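File shown: start.txt. Contents: compact mmCIF, C-alpha atoms.
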# COMPACT_ATOMS: atom_id res chain seq x y z
CA MET E 1 -6.27 13.78 -23.35
CA VAL E 2 -4.76 15.25 -20.16
CA ALA E 3 -2.66 12.72 -18.25
CA THR E 4 -3.75 11.89 -14.69
CA LEU E 5 -1.94 10.37 -11.73
CA LYS E 6 -1.94 6.57 -11.48
CA ARG E 7 -3.58 4.84 -8.46
CA GLU E 8 -1.11 2.14 -7.39
CA LEU E 9 -0.60 2.43 -3.62
CA GLY E 10 -2.27 0.19 -1.02
CA LEU E 11 -2.44 0.37 2.79
CA MET E 12 0.96 -1.25 3.34
CA GLN E 13 2.74 0.99 0.83
CA VAL E 14 1.15 4.20 2.12
CA THR E 15 1.85 3.21 5.75
CA ILE E 16 5.47 2.43 4.88
CA ALA E 17 5.68 5.77 3.06
CA GLY E 18 4.42 7.51 6.20
CA VAL E 19 6.78 5.63 8.50
CA GLY E 20 9.60 6.23 6.04
CA ILE E 21 9.39 10.00 6.02
CA ILE E 22 8.87 10.18 9.80
CA LEU E 23 11.83 7.87 10.48
CA GLY E 24 14.16 10.36 8.86
CA ALA E 25 17.04 12.54 9.91
CA GLY E 26 15.33 13.88 13.03
CA ILE E 27 15.82 10.93 15.36
CA TYR E 28 19.47 10.51 14.29
CA THR E 29 20.42 14.16 14.77
CA LEU E 30 18.09 15.85 17.27
CA ILE E 31 17.96 13.41 20.18
CA GLY E 32 21.30 14.65 21.52
CA VAL E 33 20.33 18.33 21.30
CA ALA E 34 16.96 17.59 22.91
CA SER E 35 18.60 15.86 25.87
CA GLN E 36 20.36 19.12 26.77
CA SER E 37 16.97 20.51 27.82
CA ALA E 38 15.00 17.37 28.69
CA GLY E 39 17.76 15.29 30.33
CA ASN E 40 16.88 11.66 30.93
CA ALA E 41 13.24 12.60 30.29
CA THR E 42 13.94 13.00 26.58
CA TRP E 43 11.58 10.07 26.06
CA LEU E 44 8.82 12.24 27.55
CA ALA E 45 9.56 14.99 25.02
CA PHE E 46 9.03 12.49 22.20
CA LEU E 47 5.84 11.23 23.85
CA ILE E 48 4.40 14.74 24.16
CA SER E 49 5.18 15.40 20.50
CA ALA E 50 3.51 12.11 19.60
CA PHE E 51 0.25 13.15 21.27
CA VAL E 52 0.30 16.55 19.56
CA ALA E 53 0.85 14.79 16.23
CA MET E 54 -1.91 12.26 16.93
CA PHE E 55 -4.54 14.91 17.74
CA THR E 56 -3.79 16.79 14.55
CA GLY E 57 -3.40 13.54 12.63
CA LEU E 58 -7.00 12.60 13.46
CA SER E 59 -8.15 15.94 12.05
CA TYR E 60 -6.14 15.27 8.90
CA ALA E 61 -7.67 11.80 8.68
CA GLU E 62 -11.22 13.17 8.67
CA LEU E 63 -10.45 16.03 6.30
CA SER E 64 -8.64 13.74 3.85
CA THR E 65 -11.83 11.72 3.34
CA MET E 66 -13.89 14.86 2.68
CA PHE E 67 -11.71 16.13 -0.17
CA LYS E 68 -10.36 14.53 -3.32
CA GLY E 69 -6.93 15.41 -4.64
CA ASP E 70 -3.36 16.20 -3.64
CA GLY E 71 -3.94 19.72 -2.32
CA GLY E 72 -4.07 18.64 1.32
CA GLU E 73 -3.93 21.60 3.69
CA PHE E 74 -4.62 24.00 0.84
CA ASP E 75 -7.97 22.34 0.05
CA TYR E 76 -9.06 22.21 3.70
CA ILE E 77 -8.20 25.80 4.57
CA ASN E 78 -9.56 27.10 1.27
CA ALA E 79 -12.96 25.52 1.97
CA ALA E 80 -13.11 26.62 5.61
CA LEU E 81 -11.44 30.04 5.60
CA SER E 82 -10.34 31.67 2.35
CA LYS E 83 -8.27 31.03 -0.73
CA LYS E 84 -5.79 33.76 0.21
CA PHE E 85 -5.17 32.22 3.63
CA ALA E 86 -4.96 28.76 2.07
CA PHE E 87 -2.40 30.03 -0.44
CA LEU E 88 -0.29 31.48 2.39
CA ILE E 89 -0.35 28.21 4.35
CA GLY E 90 0.36 26.21 1.19
CA LEU E 91 3.31 28.47 0.45
CA PHE E 92 4.64 27.94 3.99
CA MET E 93 4.41 24.17 3.48
CA ILE E 94 6.27 24.35 0.17
CA ILE E 95 9.00 26.54 1.67
CA SER E 96 9.43 24.28 4.70
CA GLY E 97 9.49 21.28 2.34
CA PHE E 98 12.42 22.36 0.20
CA ILE E 99 14.38 24.00 3.04
CA SER E 100 14.07 20.82 5.10
CA ALA E 101 15.06 18.68 2.11
CA ALA E 102 18.13 20.85 1.54
CA THR E 103 19.17 20.68 5.18
CA VAL E 104 18.75 16.91 5.42
CA ALA E 105 20.71 16.59 2.16
CA LEU E 106 23.56 18.44 3.86
CA GLY E 107 23.33 15.93 6.69
CA PHE E 108 23.69 13.17 4.10
CA GLY E 109 26.72 14.93 2.62
CA GLY E 110 28.35 15.21 6.03
CA TYR E 111 27.92 11.51 6.76
CA PHE E 112 29.04 10.57 3.26
CA ILE E 113 32.37 12.41 3.32
CA ARG E 114 33.16 11.18 6.85
CA LEU E 115 32.40 7.58 5.98
CA PHE E 116 34.37 7.57 2.75
CA SER E 117 37.14 10.06 3.64
CA ILE E 118 36.20 12.54 0.94
CA PRO E 119 37.58 16.07 1.53
CA THR E 120 35.23 18.57 3.18
CA LEU E 121 35.06 20.67 0.02
CA THR E 122 32.91 17.98 -1.60
CA LEU E 123 30.15 18.36 0.99
CA ILE E 124 28.04 20.53 -1.31
CA THR E 125 28.70 18.26 -4.29
CA ALA E 126 27.60 15.15 -2.39
CA SER E 127 24.48 16.94 -1.13
CA ILE E 128 23.49 18.22 -4.57
CA GLY E 129 24.20 14.78 -6.04
CA LEU E 130 21.72 13.26 -3.59
CA VAL E 131 19.03 15.83 -4.41
CA ILE E 132 19.47 15.17 -8.15
CA ALA E 133 19.34 11.38 -7.65
CA MET E 134 16.19 11.59 -5.52
CA THR E 135 14.60 13.95 -8.04
CA ILE E 136 15.18 11.40 -10.81
CA ILE E 137 13.50 8.69 -8.72
CA ASN E 138 10.61 11.08 -8.00
CA PHE E 139 10.24 11.82 -11.72
CA VAL E 140 10.44 8.21 -12.90
CA GLY E 141 7.28 7.30 -11.00
CA ILE E 142 5.47 6.93 -7.71
CA ARG E 143 5.98 3.15 -7.71
CA GLU E 144 9.76 3.54 -7.98
CA SER E 145 9.72 6.16 -5.21
CA SER E 146 7.67 3.79 -3.07
CA TRP E 147 10.14 0.92 -3.61
CA PHE E 148 13.13 3.05 -2.59
CA ASN E 149 11.18 4.26 0.42
CA THR E 150 10.27 0.69 1.39
CA ILE E 151 13.90 -0.51 1.29
CA SER E 152 15.19 2.55 3.17
CA THR E 153 12.44 2.33 5.78
CA PHE E 154 13.33 -1.25 6.70
CA ILE E 155 17.01 -0.29 7.03
CA GLU E 156 16.16 2.71 9.24
CA PHE E 157 13.76 0.58 11.25
CA GLY E 158 16.47 -2.05 11.76
CA GLY E 159 18.93 0.56 13.02
CA LEU E 160 16.49 1.84 15.63
CA ILE E 161 15.62 -1.71 16.72
CA LEU E 162 19.35 -2.31 17.32
CA ILE E 163 19.51 0.73 19.62
CA ILE E 164 16.46 -0.53 21.53
CA LEU E 165 17.97 -4.02 21.92
CA PHE E 166 21.27 -2.56 23.13
CA GLY E 167 19.43 -0.75 25.90
CA LEU E 168 17.49 -3.72 27.26
CA GLY E 169 20.25 -4.73 29.66
CA LYS E 170 20.57 -1.15 30.95
CA LEU E 171 16.91 -0.49 31.72
CA GLY E 172 16.48 1.08 35.15
CA SER E 173 20.10 2.26 35.32
CA VAL E 174 19.15 5.96 35.39
CA ASP E 175 16.38 8.19 36.72
CA TYR E 176 14.10 8.62 33.70
CA PHE E 177 12.55 11.75 35.20
CA ALA E 178 15.83 13.64 35.68
CA MET E 179 15.11 17.01 34.03
CA PRO E 180 17.95 19.58 34.19
CA GLU E 181 15.55 22.38 33.18
CA GLY E 182 12.36 20.95 34.65
CA LEU E 183 9.13 20.47 32.70
CA SER E 184 9.77 23.69 30.80
CA GLY E 185 12.91 22.11 29.34
CA VAL E 186 10.96 18.98 28.39
CA PHE E 187 8.39 21.05 26.48
CA SER E 188 11.15 23.03 24.76
CA ALA E 189 12.76 19.74 23.71
CA SER E 190 9.37 18.46 22.58
CA ALA E 191 8.92 21.51 20.34
CA LEU E 192 12.29 20.72 18.74
CA VAL E 193 11.96 16.94 18.36
CA PHE E 194 8.60 17.38 16.67
CA PHE E 195 10.79 17.77 13.59
CA ALA E 196 11.34 14.02 13.89
CA TYR E 197 7.59 13.46 13.33
CA MET E 198 7.47 15.69 10.29
CA GLY E 199 5.82 13.93 7.39
CA PHE E 200 2.68 12.35 8.84
CA GLU E 201 0.64 15.24 7.43
CA SER E 202 2.04 14.58 3.96
CA ILE E 203 0.37 11.19 3.62
CA VAL E 204 -2.87 12.87 2.51
CA LYS E 205 -1.05 14.26 -0.54
CA LEU E 206 -0.75 10.72 -1.93
CA ALA E 207 -4.55 10.38 -2.13
CA GLU E 208 -4.77 10.57 -5.93
CA GLU E 209 -2.23 7.75 -6.27
CA THR E 210 -3.79 5.54 -3.56
CA LYS E 211 -6.34 2.76 -4.01
CA ASN E 212 -9.57 3.40 -2.04
CA PRO E 213 -8.15 6.58 -0.44
CA THR E 214 -11.12 7.30 1.86
CA LYS E 215 -10.28 4.18 3.88
CA THR E 216 -6.57 3.76 3.16
CA ILE E 217 -5.32 7.29 3.95
CA PRO E 218 -6.80 7.61 7.51
CA ARG E 219 -5.67 4.10 8.48
CA ALA E 220 -2.17 4.60 7.10
CA LEU E 221 -1.81 7.97 8.81
CA ILE E 222 -2.78 6.65 12.25
CA LEU E 223 -0.71 3.45 11.87
CA SER E 224 2.35 5.47 10.85
CA LEU E 225 2.09 7.67 13.94
CA ILE E 226 1.62 4.74 16.33
CA ILE E 227 4.59 2.80 14.91
CA THR E 228 6.98 5.75 14.95
CA SER E 229 5.86 7.01 18.36
CA VAL E 230 6.58 3.67 20.02
CA LEU E 231 9.98 3.46 18.31
CA TYR E 232 11.03 6.98 19.29
CA VAL E 233 10.10 6.59 22.94
CA LEU E 234 11.92 3.26 23.22
CA VAL E 235 15.02 4.61 21.42
CA ALA E 236 15.11 7.62 23.77
CA VAL E 237 14.83 5.36 26.83
CA SER E 238 17.64 3.12 25.53
CA ALA E 239 19.90 6.05 24.64
CA VAL E 240 19.76 7.68 28.08
CA SER E 241 20.03 4.26 29.76
CA ILE E 242 23.33 3.57 28.00
CA LEU E 243 24.98 7.00 27.96
CA GLY E 244 23.02 9.21 30.34
CA TRP E 245 21.79 12.59 29.15
CA GLU E 246 25.06 14.45 29.86
CA GLU E 247 27.15 12.33 27.47
CA LEU E 248 24.33 11.98 24.96
CA SER E 249 23.91 15.76 24.75
CA GLN E 250 27.60 16.26 23.90
CA SER E 251 27.67 13.84 20.95
CA SER E 252 27.44 15.09 17.37
CA ALA E 253 26.36 11.58 16.35
CA PRO E 254 24.32 10.50 19.38
CA LEU E 255 22.95 7.17 18.16
CA ALA E 256 26.35 6.21 16.76
CA SER E 257 27.80 6.89 20.21
CA VAL E 258 25.16 4.64 21.76
CA ALA E 259 25.98 1.82 19.32
CA GLN E 260 29.72 2.29 19.79
CA ALA E 261 29.36 1.34 23.43
CA PHE E 262 28.41 -2.14 22.21
CA LEU E 263 30.07 -2.56 18.82
CA GLY E 264 33.33 -0.66 19.18
CA SER E 265 34.97 1.10 16.23
CA LYS E 266 32.72 -0.55 13.66
CA ALA E 267 29.67 1.13 15.15
CA PHE E 268 30.14 4.45 13.39
CA MET E 269 30.33 2.76 9.98
CA LEU E 270 27.19 0.71 10.68
CA LEU E 271 25.10 3.60 12.00
CA GLY E 272 26.62 5.93 9.41
CA ILE E 273 25.40 3.76 6.54
CA ILE E 274 21.97 3.54 8.14
CA ALA E 275 22.00 7.33 8.49
CA LEU E 276 22.77 7.65 4.76
CA PHE E 277 19.66 5.64 3.90
CA SER E 278 17.66 7.57 6.50
CA THR E 279 18.61 11.01 5.23
CA ALA E 280 18.28 10.00 1.56
CA ASN E 281 14.84 8.60 2.24
CA THR E 282 13.76 11.77 4.04
CA VAL E 283 14.90 13.91 1.11
CA LEU E 284 13.06 11.67 -1.38
CA ILE E 285 9.73 11.68 0.43
CA SER E 286 9.98 15.42 1.11
CA LEU E 287 10.47 15.98 -2.62
CA VAL E 288 7.60 13.62 -3.49
CA THR E 289 5.07 15.17 -1.11
CA THR E 290 6.08 18.80 -1.72
CA SER E 291 5.89 18.38 -5.50
CA ARG E 292 2.39 16.88 -5.10
CA LEU E 293 1.36 19.87 -2.98
CA MET E 294 2.59 22.23 -5.71
CA TYR E 295 0.68 20.15 -8.28
CA GLY E 296 -2.50 20.29 -6.18
CA MET E 297 -2.28 24.05 -5.69
CA ALA E 298 -1.76 24.56 -9.43
CA LYS E 299 -4.90 22.52 -10.14
CA GLU E 300 -6.74 24.97 -7.86
CA HIS E 301 -5.25 27.88 -9.87
CA SER E 302 -3.24 29.18 -6.90
CA LEU E 303 0.06 28.51 -8.66
CA PRO E 304 0.79 28.99 -12.37
CA LYS E 305 -0.83 26.37 -14.59
CA PHE E 306 2.45 24.81 -15.72
CA PHE E 307 3.05 23.51 -12.16
CA ALA E 308 0.19 21.07 -12.84
CA TYR E 309 1.86 19.58 -15.94
CA VAL E 310 1.92 15.76 -15.73
CA HIS E 311 4.45 13.95 -17.92
CA PRO E 312 2.47 11.64 -20.26
CA ARG E 313 4.89 8.72 -19.90
CA THR E 314 5.78 8.72 -16.20
CA ARG E 315 2.46 10.34 -15.15
CA THR E 316 4.21 12.35 -12.46
CA PRO E 317 4.02 16.17 -11.94
CA ALA E 318 7.20 16.87 -13.90
CA ALA E 319 7.15 20.68 -13.82
CA SER E 320 6.70 20.82 -10.04
CA ILE E 321 9.39 18.16 -9.56
CA PHE E 322 12.10 20.02 -11.47
CA ILE E 323 11.24 23.48 -10.13
CA LEU E 324 11.50 21.95 -6.67
CA LEU E 325 14.92 20.56 -7.58
CA PHE E 326 16.12 24.08 -8.44
CA LEU E 327 14.79 25.59 -5.20
CA THR E 328 16.25 22.79 -3.06
CA VAL E 329 19.71 23.07 -4.62
CA ILE E 330 19.77 26.81 -3.84
CA PHE E 331 19.21 26.10 -0.14
CA VAL E 332 21.76 23.29 -0.04
CA PHE E 333 24.34 26.07 0.27
CA VAL E 334 22.97 27.04 3.72
CA GLY E 335 21.52 25.16 6.70
CA ASP E 336 21.84 24.42 10.39
CA ILE E 337 19.67 21.45 11.32
CA GLU E 338 18.73 22.78 14.78
CA ILE E 339 17.70 26.21 13.51
CA VAL E 340 15.95 24.82 10.45
CA GLY E 341 14.26 22.18 12.60
CA ASN E 342 12.72 24.89 14.75
CA LEU E 343 11.85 27.07 11.74
CA THR E 344 10.19 24.12 10.04
CA ASN E 345 8.25 23.34 13.20
CA LEU E 346 7.08 26.95 13.41
CA PHE E 347 5.59 26.69 9.91
CA LEU E 348 4.16 23.26 10.70
CA PHE E 349 2.46 24.27 13.95
CA LEU E 350 0.95 27.32 12.27
CA THR E 351 -0.35 25.04 9.53
CA PHE E 352 -1.65 22.47 12.02
CA ALA E 353 -3.49 25.17 13.96
CA ALA E 354 -5.16 26.29 10.73
CA VAL E 355 -6.03 22.70 9.76
CA ASN E 356 -7.64 21.95 13.13
CA LEU E 357 -9.55 25.24 12.97
CA SER E 358 -10.69 24.33 9.46
CA LEU E 359 -12.21 21.06 10.64
CA ILE E 360 -14.10 22.89 13.40
CA ILE E 361 -15.47 25.42 10.89
CA LEU E 362 -16.34 22.80 8.27
CA ARG E 363 -18.41 20.86 10.79
CA TYR E 364 -20.81 23.83 10.76
CA LYS E 365 -20.66 24.74 7.06
CA CYS E 366 -23.70 24.05 4.93
CA ASP E 367 -21.84 21.77 2.51
CA TYR E 368 -20.46 19.57 5.31
CA LYS E 369 -23.18 16.92 4.91
CA LYS E 370 -22.55 16.81 1.16
CA ARG E 371 -18.88 16.11 1.77
CA HIS E 372 -19.42 13.76 4.70
CA ASN E 373 -21.14 10.38 4.35
CA ASN E 374 -21.03 6.92 5.89
CA LYS E 375 -17.93 6.04 3.86
CA THR E 376 -15.80 8.80 5.37
CA PHE E 377 -13.75 8.79 8.57
CA LYS E 378 -15.02 10.94 11.45
CA CYS E 379 -12.92 12.21 14.35
CA PRO E 380 -13.88 10.54 17.68
CA ILE E 381 -15.09 12.48 20.76
CA ASN E 382 -17.64 15.04 19.61
CA VAL E 383 -20.10 17.31 21.42
CA GLY E 384 -22.87 17.55 18.90
CA LYS E 385 -21.15 18.77 15.75
CA PHE E 386 -18.16 20.11 17.65
CA PRO E 387 -14.93 18.04 17.28
CA VAL E 388 -13.18 18.04 20.68
CA ILE E 389 -10.05 16.40 19.24
CA ALA E 390 -9.66 19.23 16.72
CA LEU E 391 -9.86 21.79 19.54
CA ILE E 392 -7.14 19.95 21.48
CA GLY E 393 -5.06 19.81 18.29
CA LEU E 394 -5.53 23.56 17.77
CA LEU E 395 -4.58 24.50 21.34
CA SER E 396 -1.61 22.11 21.50
CA SER E 397 -0.26 23.46 18.18
CA LEU E 398 -0.47 27.04 19.47
CA GLY E 399 1.21 25.98 22.72
CA MET E 400 4.06 24.29 20.89
CA MET E 401 4.55 27.42 18.77
CA PHE E 402 5.34 29.32 21.97
CA PHE E 403 8.17 26.91 22.82
CA VAL E 404 9.49 26.96 19.24
CA VAL E 405 9.74 30.76 19.36
CA ARG E 406 11.48 30.49 22.72
CA ASN E 407 13.97 28.03 21.24
CA LEU E 408 14.69 30.34 18.30
CA MET E 409 15.22 33.31 20.60
CA GLY E 410 17.76 31.29 22.59

For this file, write the structure as structure tokens.
Amino acid sequence: MVATLKRELGLMQVTIAGVGIILGAGIYTLIGVASQSAGNATWLAFLISAFVAMFTGLSYAELSTMFKGDGGEFDYINAALSKKFAFLIGLFMIISGFISAATVALGFGGYFIRLFSIPTLTLITASIGLVIAMTIINFVGIRESSWFNTISTFIEFGGLILIILFGLGKLGSVDYFAMPEGLSGVFSASALVFFAYMGFESIVKLAEETKNPTKTIPRALILSLIITSVLYVLVAVSAVSILGWEELSQSSAPLASVAQAFLGSKAFMLLGIIALFSTANTVLISLVTTSRLMYGMAKEHSLPKFFAYVHPRTRTPAASIFILLFLTVIFVFVGDIEIVGNLTNLFLFLTFAAVNLSLIILRYKCDYKKRHNNKTFKCPINVGKFPVIALIGLLSSLGMMFFVVRNLMG
């Protein structure tokens, strides 16, 4: 008998998984770079990105209840457009998954050797060690991955709450609409910091391991976005209140600099340890969701059959997991988080545009009523069959792509 994935995840676990991957390396590394363009209005850049994510997230929520399986974007685009286009988008998601994991692993390595005074030459070793450790957790089982994610998420959450609390006494100390490059700079920063929201779309890939997925997945997706959006905006407000955008933009460890203003020399160690959990957690969830995407595509015969092999004991997609390990390790040897952040966003916005377009098309396809029933989630705000939210998600994704390209071109 062919082994199948085990359904063990409830609403709390899936929501924590979503919050965990979103609360990753992005907020700890990109807020300083973003403030160069957005100034004290960096909070607005995060808010704009949150709305873009929410519009597309609602489309994902509806689509996830119409399809069974881990294929995610591949399934949606395949049904609406074509298998060739779906394969291309799925390939983009896989590539962005392992490149992002490799880059964040390098961030972990950098923090690790600075915290523990290990020579720079061990950066690659520390990074590869993390990828191997997270791969083992991914292979052992989804429950074990979820437990590590849960612990890491609470640590990351606590670190961001500290930053918010530090800023309470400084609220109103700066002009929160000071924009050195105007609104154009805010949108450019928004296109970059969207990297910090990366992961919400991956929640749908846990459907086959989630209890009652038609209800749990949409709720967890929306809850994850609301929680992280509020946190990011408040952290950005606190950061510019304490340091101002000029100093914040010059720091290589921006949130550590914010904490140091209150905790002195011990601040770097505290925030550094939190950053280790944050980056490790991001790598783990990226490996989990990307391996499930590879598994889902193999089940649809778009990748070789062996990618769909499920280990009979752990009941995890073992072949996809270890091939992903190999690909990630290769890219550990390269990586600039700002460049990769923009490259990842470019792939993501292209994918999001295709996903939103897919929902619009599927609303008019003959099999839509067969897929849709009273038990499925439906996007709000519709004109007849036409989903207005999906159109906004499509247009906002295309608009953000323009600013990503501008960022990459310098």

Env of E:Phe85: 12 Å cut, atoms = only C-alpha atoms, seq-sep filter 2 positions within chain, self excluded. Answer as a PDB file with C-alpha atoms, in the frame of the given file.
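Saved the output as part.pdb:
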ATOM      1  CA  GLU E  73      -3.930  21.600   3.690  1.00  0.00           C
ATOM      2  CA  PHE E  74      -4.620  24.000   0.840  1.00  0.00           C
ATOM      3  CA  ASP E  75      -7.970  22.340   0.050  1.00  0.00           C
ATOM      4  CA  TYR E  76      -9.060  22.210   3.700  1.00  0.00           C
ATOM      5  CA  ILE E  77      -8.200  25.800   4.570  1.00  0.00           C
ATOM      6  CA  ASN E  78      -9.560  27.100   1.270  1.00  0.00           C
ATOM      7  CA  ALA E  79     -12.960  25.520   1.970  1.00  0.00           C
ATOM      8  CA  ALA E  80     -13.110  26.620   5.610  1.00  0.00           C
ATOM      9  CA  LEU E  81     -11.440  30.040   5.600  1.00  0.00           C
ATOM     10  CA  SER E  82     -10.340  31.670   2.350  1.00  0.00           C
ATOM     11  CA  LYS E  83      -8.270  31.030  -0.730  1.00  0.00           C
ATOM     12  CA  PHE E  87      -2.400  30.030  -0.440  1.00  0.00           C
ATOM     13  CA  LEU E  88      -0.290  31.480   2.390  1.00  0.00           C
ATOM     14  CA  ILE E  89      -0.350  28.210   4.350  1.00  0.00           C
ATOM     15  CA  GLY E  90       0.360  26.210   1.190  1.00  0.00           C
ATOM     16  CA  LEU E  91       3.310  28.470   0.450  1.00  0.00           C
ATOM     17  CA  PHE E  92       4.640  27.940   3.990  1.00  0.00           C
ATOM     18  CA  SER E 302      -3.240  29.180  -6.900  1.00  0.00           C
ATOM     19  CA  LEU E 350       0.950  27.320  12.270  1.00  0.00           C
ATOM     20  CA  THR E 351      -0.350  25.040   9.530  1.00  0.00           C
ATOM     21  CA  ALA E 354      -5.160  26.290  10.730  1.00  0.00           C
ATOM     22  CA  VAL E 355      -6.030  22.700   9.760  1.00  0.00           C
ATOM     23  CA  SER E 358     -10.690  24.330   9.460  1.00  0.00           C
TER      24      SER E 358
END

Handout entry: Separation of atom CA of E:Asn342 from atom CA of E:Val404 in Å
Key =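 Taking atom CA of E:Val404 and atom CA of E:Asn342, their separation equals 5.9 Å.
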
What's the 10 Å shell around E:Ile323, counting only C-alpha atoms, without same-chain residues fewer than 6 positions away, as an mmCIF file with C-alpha atoms, keeping the file's coordinate frame?
data_model
loop_
_atom_site.group_PDB
_atom_site.id
_atom_site.type_symbol
_atom_site.label_atom_id
_atom_site.label_comp_id
_atom_site.auth_asym_id
_atom_site.auth_seq_id
_atom_site.Cartn_x
_atom_site.Cartn_y
_atom_site.Cartn_z
ATOM 1 C CA SER E 291 5.890 18.380 -5.500
ATOM 2 C CA MET E 294 2.590 22.230 -5.710
ATOM 3 C CA PHE E 307 3.050 23.510 -12.160
#

Exercise for the section: Around the point (26.1, 9.1, 5.6), in the coordinates given by the file, pick out the residues reaching within 10 Å, counting all atoms listed in the file, and return them as a list in words. Expected result: Ala105, Leu106, Gly107, Phe108, Gly109, Gly110, Tyr111, Phe112, Ile113, Arg114, Leu115, Phe116, Phe268, Met269, Leu270, Leu271, Gly272, Ile273, Ile274, Ala275, Leu276, Phe277, Ser278, Thr279 and Ala280 of chain E

Practice task
Kindly extract all protein, DNA and RNA residues lying within 12 Å of the coordinates (16.5, 7.1, 25.1) given in the file, considering all atoms listed in the file, and supply them as an MDAnalysis selection string.
Solution key: chainID E and resid 27:28 30:32 34:35 38:47 160 163:168 170:177 230:245 248:249 254:255 258

Requested write-out: C-alpha atoms of the selected residues, as an mmCIF file, keeping the file's coordinate frame:
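The resulting out.cif:
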data_model
loop_
_atom_site.group_PDB
_atom_site.id
_atom_site.type_symbol
_atom_site.label_atom_id
_atom_site.label_comp_id
_atom_site.auth_asym_id
_atom_site.auth_seq_id
_atom_site.Cartn_x
_atom_site.Cartn_y
_atom_site.Cartn_z
ATOM 1 C CA ILE E 27 15.820 10.930 15.360
ATOM 2 C CA TYR E 28 19.470 10.510 14.290
ATOM 3 C CA LEU E 30 18.090 15.850 17.270
ATOM 4 C CA ILE E 31 17.960 13.410 20.180
ATOM 5 C CA GLY E 32 21.300 14.650 21.520
ATOM 6 C CA ALA E 34 16.960 17.590 22.910
ATOM 7 C CA SER E 35 18.600 15.860 25.870
ATOM 8 C CA ALA E 38 15.000 17.370 28.690
ATOM 9 C CA GLY E 39 17.760 15.290 30.330
ATOM 10 C CA ASN E 40 16.880 11.660 30.930
ATOM 11 C CA ALA E 41 13.240 12.600 30.290
ATOM 12 C CA THR E 42 13.940 13.000 26.580
ATOM 13 C CA TRP E 43 11.580 10.070 26.060
ATOM 14 C CA LEU E 44 8.820 12.240 27.550
ATOM 15 C CA ALA E 45 9.560 14.990 25.020
ATOM 16 C CA PHE E 46 9.030 12.490 22.200
ATOM 17 C CA LEU E 47 5.840 11.230 23.850
ATOM 18 C CA LEU E 160 16.490 1.840 15.630
ATOM 19 C CA ILE E 163 19.510 0.730 19.620
ATOM 20 C CA ILE E 164 16.460 -0.530 21.530
ATOM 21 C CA LEU E 165 17.970 -4.020 21.920
ATOM 22 C CA PHE E 166 21.270 -2.560 23.130
ATOM 23 C CA GLY E 167 19.430 -0.750 25.900
ATOM 24 C CA LEU E 168 17.490 -3.720 27.260
ATOM 25 C CA LYS E 170 20.570 -1.150 30.950
ATOM 26 C CA LEU E 171 16.910 -0.490 31.720
ATOM 27 C CA GLY E 172 16.480 1.080 35.150
ATOM 28 C CA SER E 173 20.100 2.260 35.320
ATOM 29 C CA VAL E 174 19.150 5.960 35.390
ATOM 30 C CA ASP E 175 16.380 8.190 36.720
ATOM 31 C CA TYR E 176 14.100 8.620 33.700
ATOM 32 C CA PHE E 177 12.550 11.750 35.200
ATOM 33 C CA VAL E 230 6.580 3.670 20.020
ATOM 34 C CA LEU E 231 9.980 3.460 18.310
ATOM 35 C CA TYR E 232 11.030 6.980 19.290
ATOM 36 C CA VAL E 233 10.100 6.590 22.940
ATOM 37 C CA LEU E 234 11.920 3.260 23.220
ATOM 38 C CA VAL E 235 15.020 4.610 21.420
ATOM 39 C CA ALA E 236 15.110 7.620 23.770
ATOM 40 C CA VAL E 237 14.830 5.360 26.830
ATOM 41 C CA SER E 238 17.640 3.120 25.530
ATOM 42 C CA ALA E 239 19.900 6.050 24.640
ATOM 43 C CA VAL E 240 19.760 7.680 28.080
ATOM 44 C CA SER E 241 20.030 4.260 29.760
ATOM 45 C CA ILE E 242 23.330 3.570 28.000
ATOM 46 C CA LEU E 243 24.980 7.000 27.960
ATOM 47 C CA GLY E 244 23.020 9.210 30.340
ATOM 48 C CA TRP E 245 21.790 12.590 29.150
ATOM 49 C CA LEU E 248 24.330 11.980 24.960
ATOM 50 C CA SER E 249 23.910 15.760 24.750
ATOM 51 C CA PRO E 254 24.320 10.500 19.380
ATOM 52 C CA LEU E 255 22.950 7.170 18.160
ATOM 53 C CA VAL E 258 25.160 4.640 21.760
#

Practice task
State, in Å with one decimal place, the distance from atom CA of E:Ser152 to atom CA of E:Ala261.
Solution key: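 Distance reported for this atom pair: 24.8 Å.
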
Exercise for the section: Point out the residue among E:Ile222, E:Ala25, E:Ala318, E:Met134 with the least atom-to-atom distance to E:Ala61, counting only C-alpha atoms. Expected result: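 Looking only at the distances to E:Ala61, the closest residue turns out to be E:Ile222.
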
Problem - Nearest-residue call for E:Ala133, choices E:Ile16, E:Leu284, E:Ala191, E:Ile360, using only C-alpha atoms - result: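 The answer is E:Leu284, which sits nearest to E:Ala133.
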